[in-house]
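Worksheet for the structure shown next.
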Amino acid sequence: MVELDLQIPSAFDPFAEAKDSGAAGAKEYVHIRIQQRNGKKSLTTVQGLKKDYSYEKILKDLKKEFCCNGNVVQDRELGKVIQLQGDQRKNVSNFLVQAGLVKKEQIKIHGF
């Protein structure tokens, strides 16, 4: 028999390089969202922080820095989510970058 050198194409995985790179936080985004409550009241949520961070300490610093109330909610699908009163999207984004918790490229701001 004749042996042929053929390469059979396999399924293309567009996320393969993100999975392969062992860099911390590679393609893992921190999502900062705003939810409208009643009237002009709103709620800012932060999700996607690394699991090894102390969410309670981060929340304490955020509350003290921005003079707002908040809490940490445990969600089945999303894990731990930080909730803050008011529209704190820009403030939280700047705080996380200045504290060195995430890079600016890893933050996604959603809403309005």
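Scheme for the structure tokens: letters A, B, ... for chains in order shown; per-chain residue numbers from 1; ligand numbers from 1 in order shown.
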- Compile the contact shell of range 43-55 of chain A as a VMD selection string: residues with an atom at most 12 Å away, counting only C-alpha atoms, same-chain residues fewer than 6 positions apart removed. chain A and resid 24 to 37 61 to 62 68 to 75 77 to 93 96 100 to 103 106 to 111
